[in-house]
file query_8.cif (mmCIF, C-alpha atoms)
data_protein
#
loop_
_atom_site.label_atom_id
_atom_site.label_comp_id
_atom_site.auth_asym_id
_atom_site.auth_seq_id
_atom_site.Cartn_x
_atom_site.Cartn_y
_atom_site.Cartn_z
CA MET T 30 96.27 -15.16 151.82
CA THR T 31 93.66 -17.74 152.77
CA PHE T 32 90.00 -16.87 153.29
CA VAL T 33 88.21 -18.61 156.15
CA LEU T 34 85.12 -18.78 153.91
CA SER T 35 84.78 -19.02 150.15
CA PRO T 36 84.55 -15.46 148.76
CA PRO T 37 81.18 -14.62 147.22
CA THR T 38 80.83 -14.48 143.47
CA VAL T 39 81.34 -11.01 142.00
CA PRO T 40 77.94 -9.68 140.82
CA SER T 41 77.97 -8.81 137.13
CA LEU T 42 75.80 -7.77 134.20
CA ALA T 43 75.60 -9.37 130.79
CA VAL T 44 76.91 -7.10 128.03
CA ALA T 45 75.06 -6.86 124.73
CA PRO T 46 76.93 -8.66 121.93
CA GLY T 47 79.26 -6.43 119.93
CA ASN T 48 79.97 -6.47 116.22
CA ASN T 49 82.04 -9.63 116.70
CA GLY T 50 79.05 -11.46 118.18
CA ASP T 51 80.78 -12.09 121.53
CA THR T 52 78.17 -13.03 124.16
CA ASN T 53 80.54 -13.86 127.04
CA SER T 54 81.50 -10.35 128.17
CA ARG T 55 80.46 -9.33 131.68
CA PHE T 56 80.47 -6.02 133.54
CA PRO T 57 81.46 -6.45 137.22
CA VAL T 58 79.23 -4.56 139.64
CA ARG T 59 80.85 -2.71 142.56
CA ARG T 60 78.13 -0.47 144.03
CA VAL T 61 74.52 0.34 143.14
CA TYR T 62 73.40 3.94 143.67
CA CYS T 63 69.81 5.09 143.13
CA VAL T 64 68.35 8.57 142.64
CA GLY T 65 65.05 9.39 144.33
CA ARG T 66 62.20 11.46 142.85
CA ASN T 67 63.76 12.41 139.52
CA TYR T 68 60.63 12.79 137.34
CA ALA T 69 58.31 15.67 138.28
CA ALA T 70 55.07 13.71 137.71
CA HIS T 71 56.35 10.89 139.93
CA VAL T 72 57.29 13.40 142.63
CA ARG T 73 53.69 14.65 142.57
CA GLU T 74 52.18 11.16 142.77
CA MET T 75 54.34 10.51 145.84
CA GLY T 76 52.88 13.65 147.46
CA PHE T 77 55.83 16.05 147.14
CA ASP T 78 56.59 19.35 145.44
CA PRO T 79 58.48 18.77 142.15
CA ASP T 80 60.66 21.88 142.49
CA ARG T 81 64.21 21.20 141.35
CA GLU T 82 65.76 20.37 144.70
CA PRO T 83 69.26 18.85 144.81
CA PRO T 84 69.12 15.11 144.00
CA PHE T 85 69.25 12.62 146.85
CA PHE T 86 70.60 9.09 146.76
CA PHE T 87 70.27 5.69 148.40
CA GLN T 88 72.02 2.38 147.72
CA LYS T 89 71.16 -1.22 147.02
CA PRO T 90 73.62 -4.08 147.63
CA ALA T 91 75.46 -5.25 144.53
CA ASP T 92 74.15 -8.78 145.02
CA SER T 93 70.55 -7.54 144.71
CA ILE T 94 71.18 -7.46 140.94
CA VAL T 95 69.16 -9.95 138.89
CA VAL T 96 70.33 -10.35 135.30
CA ALA T 97 67.39 -10.25 132.90
CA ALA T 98 68.96 -11.58 129.70
CA ALA T 99 67.29 -11.01 126.36
CA GLY T 100 64.92 -13.65 125.08
CA HIS T 101 63.40 -14.94 128.32
CA ALA T 102 61.85 -13.63 131.51
CA ALA T 103 63.94 -13.49 134.66
CA GLN T 104 62.32 -14.94 137.78
CA LEU T 105 61.73 -12.78 140.86
CA SER T 106 60.49 -14.24 144.13
CA TYR T 107 57.76 -12.18 145.80
CA PRO T 108 59.62 -10.77 148.84
CA PRO T 109 58.62 -11.38 152.46
CA CYS T 110 57.14 -8.84 154.89
CA THR T 111 55.23 -6.78 152.32
CA SER T 112 51.81 -6.54 150.72
CA GLU T 113 52.81 -3.67 148.41
CA TYR T 114 55.50 -4.94 146.04
CA HIS T 115 55.99 -2.12 143.51
CA PHE T 116 57.78 -1.71 140.18
CA GLU T 117 59.83 1.32 139.07
CA ILE T 118 61.31 1.30 135.56
CA GLU T 119 64.61 3.21 135.27
CA LEU T 120 67.57 4.04 133.04
CA VAL T 121 70.69 2.46 134.56
CA VAL T 122 74.09 4.10 134.05
CA ALA T 123 77.29 2.03 134.31
CA ILE T 124 80.48 3.85 135.33
CA GLY T 125 83.66 2.85 133.54
CA THR T 126 86.20 5.48 134.63
CA ALA T 127 86.88 6.59 138.21
CA GLY T 128 86.36 10.17 139.27
CA ARG T 129 85.64 12.58 142.10
CA ASN T 130 84.15 16.09 141.73
CA ILE T 131 83.40 15.36 138.08
CA SER T 132 82.16 18.31 136.07
CA VAL T 133 78.84 18.10 134.23
CA GLU T 134 80.70 18.72 130.98
CA ARG T 135 83.00 15.72 131.52
CA ALA T 136 80.49 13.36 133.12
CA ASN T 137 79.78 11.34 129.96
CA ASP T 138 83.51 10.53 129.72
CA HIS T 139 83.12 8.43 132.88
CA ILE T 140 80.13 6.40 131.62
CA TRP T 141 80.77 2.94 130.16
CA GLY T 142 77.23 2.09 129.15
CA TYR T 143 73.48 1.96 129.76
CA ALA T 144 70.80 -0.59 130.58
CA VAL T 145 67.15 -0.87 131.59
CA GLY T 146 66.53 -1.62 135.26
CA LEU T 147 63.73 -2.12 137.76
CA ASP T 148 63.97 -0.57 141.22
CA MET T 149 61.70 -3.07 142.97
CA THR T 150 60.29 -1.64 146.19
CA ARG T 151 58.46 -2.85 149.28
CA ARG T 152 56.39 0.34 149.26
CA ASP T 153 54.65 -0.20 152.58
CA LEU T 154 58.01 -0.62 154.34
CA GLN T 155 59.52 2.35 152.50
CA ILE T 156 56.61 4.66 153.41
CA ASP T 157 56.66 3.52 157.04
CA ALA T 158 60.40 4.20 157.26
CA ARG T 159 60.01 7.58 155.56
CA ASN T 160 57.24 8.64 157.94
CA LYS T 161 59.37 7.66 160.94
CA GLY T 162 62.50 9.35 159.61
CA ARG T 163 64.32 6.02 159.27
CA PRO T 164 66.58 4.67 156.49
CA TRP T 165 64.96 3.05 153.45
CA GLU T 166 66.92 -0.23 153.36
CA LEU T 167 63.98 -2.49 154.30
CA GLY T 168 61.90 -1.00 151.52
CA LYS T 169 64.57 -0.69 148.84
CA SER T 170 67.60 -2.90 149.49
CA PHE T 171 66.24 -6.43 149.78
CA ASP T 172 67.22 -9.56 147.83
CA GLN T 173 66.50 -9.46 144.07
CA SER T 174 65.44 -5.81 144.23
CA ALA T 175 67.44 -4.70 141.17
CA PRO T 176 66.73 -6.59 137.93
CA VAL T 177 68.80 -5.21 135.01
CA SER T 178 68.70 -5.96 131.28
CA LEU T 179 71.65 -6.33 128.91
CA LEU T 180 74.19 -3.56 129.27
CA HIS T 181 74.98 -1.59 126.10
CA PRO T 182 78.32 0.22 125.70
CA ALA T 183 78.03 3.97 125.23
CA ALA T 184 80.42 3.52 122.33
CA SER T 185 77.57 1.70 120.56
CA VAL T 186 74.43 3.54 121.72
CA GLY T 187 75.74 7.00 122.56
CA HIS T 188 74.52 8.92 125.62
CA PRO T 189 70.70 9.02 125.59
CA SER T 190 69.13 12.23 126.84
CA SER T 191 65.68 11.61 125.38
CA GLY T 192 63.66 8.62 124.27
CA GLU T 193 60.63 6.68 125.46
CA ILE T 194 60.74 4.83 128.77
CA TRP T 195 57.86 2.45 129.50
CA LEU T 196 56.65 -0.52 131.52
CA GLN T 197 53.74 -2.94 131.11
CA VAL T 198 52.32 -5.55 133.47
CA ASP T 199 50.69 -8.49 131.68
CA GLY T 200 50.57 -6.38 128.52
CA GLN T 201 48.85 -3.39 130.14
CA ASP T 202 50.57 0.02 130.18
CA ARG T 203 51.58 1.17 133.66
CA GLN T 204 54.45 3.62 133.10
CA ARG T 205 55.24 5.64 129.98
CA SER T 206 57.33 8.80 129.73
CA ASP T 207 60.49 10.17 128.12
CA LEU T 208 64.07 10.48 129.40
CA ALA T 209 63.82 14.16 128.51
CA ASN T 210 61.52 14.51 131.55
CA LEU T 211 64.29 13.72 134.04
CA VAL T 212 64.48 16.51 136.61
CA TRP T 213 68.25 16.00 136.82
CA SER T 214 70.00 14.84 133.65
CA VAL T 215 72.41 11.92 133.67
CA PRO T 216 75.52 14.17 133.50
CA GLU T 217 74.14 16.25 136.39
CA ILE T 218 73.47 13.12 138.43
CA VAL T 219 76.98 11.79 137.85
CA ALA T 220 78.54 15.15 138.71
CA ASN T 221 76.50 15.58 141.90
CA LEU T 222 77.03 12.01 143.13
CA SER T 223 80.78 12.34 142.58
CA THR T 224 80.93 15.15 145.14
CA TYR T 225 79.85 12.62 147.83
CA PHE T 226 81.67 9.48 146.62
CA GLU T 227 84.62 8.77 144.40
CA LEU T 228 82.91 6.89 141.61
CA GLN T 229 84.70 3.74 140.49
CA PRO T 230 84.52 1.38 137.51
CA GLY T 231 81.71 -1.07 138.16
CA ASP T 232 79.39 1.40 139.87
CA LEU T 233 75.78 1.52 138.67
CA ILE T 234 73.38 4.45 138.99
CA PHE T 235 69.61 3.97 138.77
CA THR T 236 68.43 7.38 137.58
CA GLY T 237 64.83 7.55 138.82
CA THR T 238 61.40 6.44 137.67
CA PRO T 239 58.51 8.21 135.92
CA GLU T 240 54.93 8.31 137.13
CA GLY T 241 52.66 5.26 137.17
CA ILE T 242 54.37 3.15 139.84
CA GLY T 243 52.22 0.42 141.29
CA PRO T 244 51.95 -3.10 142.66
CA VAL T 245 52.75 -6.38 140.97
CA GLN T 246 51.50 -9.80 142.06
CA ARG T 247 52.70 -13.39 141.79
CA ASN T 248 52.48 -14.86 138.28
CA GLU T 249 52.40 -11.42 136.65
CA VAL T 250 54.97 -10.47 134.02
CA MET T 251 56.62 -7.05 133.83
CA ARG T 252 58.08 -5.94 130.53
CA GLY T 253 59.71 -2.59 130.01
CA GLY T 254 62.09 -0.73 127.81
CA ILE T 255 63.96 2.42 126.88
CA ALA T 256 64.47 3.56 123.29
CA GLY T 257 67.70 2.11 121.88
CA LEU T 258 68.28 -0.43 124.69
CA THR T 259 67.33 -4.07 125.21
CA ASP T 260 63.95 -4.55 126.87
CA ILE T 261 63.66 -6.12 130.32
CA GLU T 262 61.17 -8.90 131.13
CA VAL T 263 60.56 -10.28 134.61
CA ARG T 264 58.04 -12.74 136.05
CA VAL T 265 57.09 -12.67 139.72
CA ILE T 266 56.83 -16.11 141.33
#
call {"tool": "encode", "arguments": {"input": "query_8.cif", "output": "structure tokens"}}
result
Amino acid sequence: MTFVLSPPTVPSLAVAPGNNGDTNSRFPVRRVYCVGRNYAAHVREMGFDPDREPPFFFQKPADSIVVAAAGHAAQLSYPPCTSEYHFEIELVVAIGTAGRNISVERANDHIWGYAVGLDMTRRDLQIDARNKGRPWELGKSFDQSAPVSLLHPAASVGHPSSGEIWLQVDGQDRQRSDLANLVWSVPEIVANLSTYFELQPGDLIFTGTPEGIGPVQRNEVMRGGIAGLTDIEVRVI
């Protein structure tokens, strides 16, 4: 078979070095799913009732991933067509084993690892689309909208269900909560999503953001983390 154009590079994440010190391992990214409104305090700040409604999902393109390797800040270009460029710090789940209609009890068996991610958002475009009943792609699925830190295998870090999640902009606290405050737990998210899609190795799931979302400007640096995982650091240019 001959392609008429050169195939695009497969998006991938850097994997945290193992006990053997290997720094060359990569995790190929197939799809990027995101969960909306999954911390009660964030639901309230967005103007909604935080009752435990079924989770809802949207997607970002796989090539919106920006790898934020440890030790230096990744560079994000301020996107066009917005004046409200917002950060959302999130736990990212990497699927390693395929499955459909996965039970909550078996969900962790399908998870390869975890990372820290930023669901970058053109908030003005998202709100406008929401108010008009239109899809969120313009607000959520643009270029470089999904920075992700080093990916840690679950075999090394376990399956976190609690632990601090935080984000600072230029050293000032903006978001700070705990994974225990997720409305829908990671196993519940995986189980629910697998009723709509057959999850495949390489899929990522952004699990929602806590309260404190807000704008970031050019030349500002975002730094965030989740207990037990490698921090993420990103500069807006």
call {"tool": "residues_around", "arguments": {"input": "query_8.cif", "residues": "segment 235-249 of chain T", "least_positions_apart": "6", "cutoff": "7 Å", "atoms": "only C-alpha atoms", "output": "PyMOL selection string"}}
result
chain T and resi 62-68+70-71+74+107+113-122+198-199+203-204+206+264-266
call {"tool": "atom_distance", "arguments": {"input": "query_8.cif", "atom1": "atom CA of Pro189 of chain T", "atom2": "atom CA of Leu105 of chain T"}}
result
28.1 Å
call {"tool": "atom_distance", "arguments": {"input": "query_8.cif", "atom1": "atom CA of Arg151 of chain T", "atom2": "atom CA of Ile94 of chain T"}}
result
15.9 Å
call {"tool": "closest_residue", "arguments": {"input": "query_8.cif", "among": "T:Ile194, T:Val250, T:Val263, T:Ile124", "to": "Ala98 of chain T", "atoms": "only C-alpha atoms"}}
result
T:Val263
call {"tool": "closest_residue", "arguments": {"input": "query_8.cif", "among": "T:Ser191, T:Gln173, T:Ser54, T:Ser35", "to": "Ala209 of chain T", "atoms": "only C-alpha atoms"}}
result
T:Ser191
call {"tool": "atom_distance", "arguments": {"input": "query_8.cif", "atom1": "atom CA of Leu179 of chain T", "atom2": "atom CA of Lys89 of chain T"}}
result
18.8 Å
call {"tool": "resolve_selection", "arguments": {"input": "query_8.cif", "expression": "the PyMOL selection byres ((chain T and resi 155) around 9)", "output": "list of chain:residue names"}}
result
T:Thr150, T:Arg151, T:Arg152, T:Asp153, T:Leu154, T:Ile156, T:Asp157, T:Ala158, T:Arg159, T:Asn160, T:Pro164, T:Trp165, T:Glu166, T:Leu167, T:Gly168, T:Lys169
call {"tool": "closest_residue", "arguments": {"input": "query_8.cif", "among": "T:Gly192, T:Pro182, T:Pro36, T:Gly128", "to": "Gly257 of chain T", "atoms": "all atoms listed in the file"}}
result
T:Gly192
call {"tool": "closest_residue", "arguments": {"input": "query_8.cif", "among": "T:Leu42, T:Ala144, T:Met251, T:Ile234", "to": "Gly200 of chain T", "atoms": "all atoms listed in the file"}}
result
T:Met251
call {"tool": "decode", "arguments": {"input": "query_8.cif", "residues": "segment 219-255 of chain T", "atoms": "N, CA and C atoms", "output": "CSV table (one decimal), in the first residue's frame"}}
result
chain,number,residue,atom,x,y,z
T,219,VAL,N,-14.6,5.0,33.8
T,219,VAL,CA,-14.2,4.0,32.8
T,219,VAL,C,-15.4,3.1,32.4
T,220,ALA,N,-16.1,2.6,33.5
T,220,ALA,CA,-17.3,1.7,33.2
T,220,ALA,C,-18.3,2.4,32.4
T,221,ASN,N,-18.7,3.7,32.7
T,221,ASN,CA,-19.7,4.4,32.0
T,221,ASN,C,-19.3,4.7,30.6
T,222,LEU,N,-18.1,5.2,30.4
T,222,LEU,CA,-17.6,5.5,29.0
T,222,LEU,C,-17.6,4.2,28.1
T,223,SER,N,-17.3,3.1,28.7
T,223,SER,CA,-17.2,1.9,27.9
T,223,SER,C,-18.6,1.3,27.5
T,224,THR,N,-19.7,1.9,28.0
T,224,THR,CA,-21.0,1.6,27.5
T,224,THR,C,-21.3,2.3,26.2
T,225,TYR,N,-20.6,3.4,25.9
T,225,TYR,CA,-20.8,4.2,24.7
T,225,TYR,C,-19.7,3.8,23.6
T,226,PHE,N,-18.5,3.5,24.0
T,226,PHE,CA,-17.4,3.2,23.1
T,226,PHE,C,-16.7,2.0,23.6
T,227,GLU,N,-16.2,1.2,22.7
T,227,GLU,CA,-15.2,0.2,23.1
T,227,GLU,C,-13.9,0.8,23.3
T,228,LEU,N,-13.5,0.9,24.5
T,228,LEU,CA,-12.2,1.5,24.9
T,228,LEU,C,-11.1,0.6,24.3
T,229,GLN,N,-10.0,1.3,23.9
T,229,GLN,CA,-8.9,0.6,23.2
T,229,GLN,C,-7.6,1.1,23.9
T,230,PRO,N,-6.5,0.2,23.8
T,230,PRO,CA,-5.2,0.6,24.3
T,230,PRO,C,-4.8,1.9,23.6
T,231,GLY,N,-4.3,2.9,24.3
T,231,GLY,CA,-3.9,4.2,23.8
T,231,GLY,C,-4.9,5.3,24.0
T,232,ASP,N,-6.1,4.9,24.5
T,232,ASP,CA,-7.1,5.9,24.8
T,232,ASP,C,-6.7,6.7,26.1
T,233,LEU,N,-7.0,8.0,26.2
T,233,LEU,CA,-6.8,8.8,27.4
T,233,LEU,C,-8.1,9.3,27.8
T,234,ILE,N,-8.3,9.4,29.1
T,234,ILE,CA,-9.5,10.0,29.7
T,234,ILE,C,-9.1,11.1,30.7
T,235,PHE,N,-9.4,12.4,30.4
T,235,PHE,CA,-9.3,13.5,31.3
T,235,PHE,C,-10.5,13.4,32.2
T,236,THR,N,-10.3,13.4,33.5
T,236,THR,CA,-11.3,13.0,34.5
T,236,THR,C,-12.1,14.2,35.1
T,237,GLY,N,-11.8,15.4,34.7
T,237,GLY,CA,-12.6,16.6,35.2
T,237,GLY,C,-11.7,17.4,36.1
T,238,THR,N,-12.1,18.7,36.3
T,238,THR,CA,-11.3,19.7,37.0
T,238,THR,C,-12.0,20.2,38.3
T,239,PRO,N,-11.2,20.5,39.3
T,239,PRO,CA,-11.8,21.1,40.5
T,239,PRO,C,-12.1,22.6,40.3
T,240,GLU,N,-12.6,23.2,41.3
T,240,GLU,CA,-13.0,24.6,41.2
T,240,GLU,C,-11.7,25.5,41.1
T,241,GLY,N,-11.9,26.8,40.7
T,241,GLY,CA,-10.8,27.7,40.6
T,241,GLY,C,-10.3,28.0,39.2
T,242,ILE,N,-11.0,27.4,38.2
T,242,ILE,CA,-10.6,27.7,36.8
T,242,ILE,C,-10.5,29.2,36.5
T,243,GLY,N,-9.7,29.5,35.6
T,243,GLY,CA,-9.6,31.0,35.3
T,243,GLY,C,-8.6,31.2,34.1
T,244,PRO,N,-8.4,32.5,33.8
T,244,PRO,CA,-7.7,32.8,32.6
T,244,PRO,C,-6.2,32.8,32.8
T,245,VAL,N,-5.4,32.5,31.7
T,245,VAL,CA,-4.0,32.6,31.7
T,245,VAL,C,-3.6,33.5,30.5
T,246,GLN,N,-2.5,34.3,30.7
T,246,GLN,CA,-2.1,35.2,29.7
T,246,GLN,C,-0.7,34.9,29.2
T,247,ARG,N,-0.3,35.5,28.1
T,247,ARG,CA,1.0,35.3,27.5
T,247,ARG,C,2.1,35.6,28.5
T,248,ASN,N,3.1,34.8,28.5
T,248,ASN,CA,4.3,34.9,29.4
T,248,ASN,C,4.1,34.4,30.8
T,249,GLU,N,2.9,33.9,31.1
T,249,GLU,CA,2.6,33.3,32.4
T,249,GLU,C,2.9,31.8,32.4
T,250,VAL,N,3.3,31.3,33.6
T,250,VAL,CA,3.7,29.9,33.7
T,250,VAL,C,2.7,29.2,34.6
T,251,MET,N,2.1,28.1,34.1
T,251,MET,CA,1.3,27.3,34.9
T,251,MET,C,2.1,26.1,35.4
T,252,ARG,N,1.9,25.8,36.6
T,252,ARG,CA,2.5,24.6,37.2
T,252,ARG,C,1.5,23.9,38.1
T,253,GLY,N,1.4,22.6,37.9
T,253,GLY,CA,0.4,21.9,38.6
T,253,GLY,C,0.8,20.5,38.9
T,254,GLY,N,0.1,19.8,39.8
T,254,GLY,CA,0.5,18.4,40.2
T,254,GLY,C,-0.6,17.7,40.8
T,255,ILE,N,-0.4,16.4,40.9
T,255,ILE,CA,-1.3,15.5,41.7
T,255,ILE,C,-0.4,14.6,42.5
